[in-house]
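K.L.:
This is the structure I want to talk about, given as structure tokens.
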Amino acid sequence: MINLAQYFKNVYSKTVRDVNQPLFVIKIAEQTHYLPPEFCLIDGVSESMKRQSGMREALKRTHISPYEKVSKIQKMADTLQA
């Protein structure tokens with residue numbers, strides 16, 4: 001068993017600079033993945049990807065209204081403050 005920093009070093013040749021940073025939790029179906037924010041970028045989805053049937057379904061599931069987004073951000077801020 002290895003820690004996440006060792007895993008990223010061995011598999012991706014990436015060095016985790018802050019071993020105490022909170023991780024992004026990504027849930028896909030029954031699997032849960034943990035990603036260090038320093039390796040993540042905010043990016044859009046290309047038009048060709050949007051046209052793929054699997055991607056259209058994924059975008060439908062992940063789309064939330066602005067009200068829901070603000071509510072989730074507020075909940076996260078409350079959690080971090082507590």
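Simple scheme: letters A, B, ... for chains in structure tokens order, numbers from 1 for residues in each chain, numbers from 1 for ligands in the order shown.
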May I have all residues of chain A that DSSP, computed from the backbone, assigns to strand (DSSP E or B), given as a list of chain:residue names?
P.N.:
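Those residues are A:Phe24, A:Val25, A:Ile26, A:Lys27, A:Ile28, A:Gln31, A:Thr32, A:His33, A:Tyr34, A:Leu35.
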K.L.:
Those same residues - C-alpha atoms - I'd like them written as a JSON list (two decimals), in the first residue's frame.
P.N.:
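Generated file (out-v4.json):
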```
[["chain", "number", "residue", "atom", "x", "y", "z"],
["A", 24, "PHE", "CA", -11.26, 16.66, -4.95],
["A", 25, "VAL", "CA", -13.60, 13.69, -4.62],
["A", 26, "ILE", "CA", -14.79, 12.50, -8.03],
["A", 27, "LYS", "CA", -17.54, 9.87, -8.06],
["A", 28, "ILE", "CA", -18.14, 8.02, -11.32],
["A", 31, "GLN", "CA", -16.05, 4.28, -8.22],
["A", 32, "THR", "CA", -14.58, 7.11, -6.14],
["A", 33, "HIS", "CA", -11.41, 8.92, -7.21],
["A", 34, "TYR", "CA", -9.37, 11.45, -5.23],
["A", 35, "LEU", "CA", -7.43, 14.16, -7.08]]
```
K.L.:
Tell me, which residues of segment 8-76 of chain A carry DSSP helix (DSSP H, G or I), written as a VMD selection string?
P.N.:
chain A and resid 8 to 12 37 to 39 47 to 51 53 to 62 66 to 76
K.L.:
Show me, as a ChimeraX atom specification, the residues that have an atom within 10 Å of Arg17 of chain A when counting only C-alpha atoms, minus same-chain residues fewer than 6 positions from it.
P.N.:
/A:5,36,38
K.L.:
For the selection just defined, write its residues with N, CA and C atoms to a file, as a PDB file, in the first residue's frame.
P.N.:
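Writing done, so here's part.pdb:
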```pdb
ATOM      1  N   ALA A   5       0.540  10.617  -2.727  1.00  0.00           N
ATOM      2  CA  ALA A   5       1.708  11.318  -3.263  1.00  0.00           C
ATOM      3  C   ALA A   5       2.656  10.337  -3.943  1.00  0.00           C
ATOM      4  N   PRO A  36      -5.595  15.572  -6.301  1.00  0.00           N
ATOM      5  CA  PRO A  36      -5.051  16.793  -5.710  1.00  0.00           C
ATOM      6  C   PRO A  36      -5.405  17.987  -6.602  1.00  0.00           C
ATOM      7  N   GLU A  38      -3.910  20.639  -7.239  1.00  0.00           N
ATOM      8  CA  GLU A  38      -2.795  21.198  -8.006  1.00  0.00           C
ATOM      9  C   GLU A  38      -2.615  20.516  -9.363  1.00  0.00           C
TER      10      GLU A  38
END
```
K.L.:
One decimal, in Å: what's the spacing between atom CA of Thr62 of chain A and atom CA of Ser48 of chain A?
P.N.:
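Interatomic distance, atom CA of Thr62 of chain A to atom CA of Ser48 of chain A: 18.0 Å.
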K.L.:
Applying 12 Å and only C-alpha atoms, which residues near Tyr7 of chain A remain after dropping the ones on its own chain fewer than 5 positions away? List them as a ChimeraX atom specification.
P.N.:
/A:1-2,12-16,34-36
K.L.:
In Å, how far is it from atom CA of Ala58 of chain A to atom CA of Glu30 of chain A?
P.N.:
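These two atoms are separated by 14.8 Å.
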K.L.:
To one decimal in Å, tell me the separation between atom CA of Asp78 of chain A and atom CA of Gly44 of chain A.
P.N.:
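Calculated distance between atom CA of Asp78 of chain A and atom CA of Gly44 of chain A is 27.6 Å.
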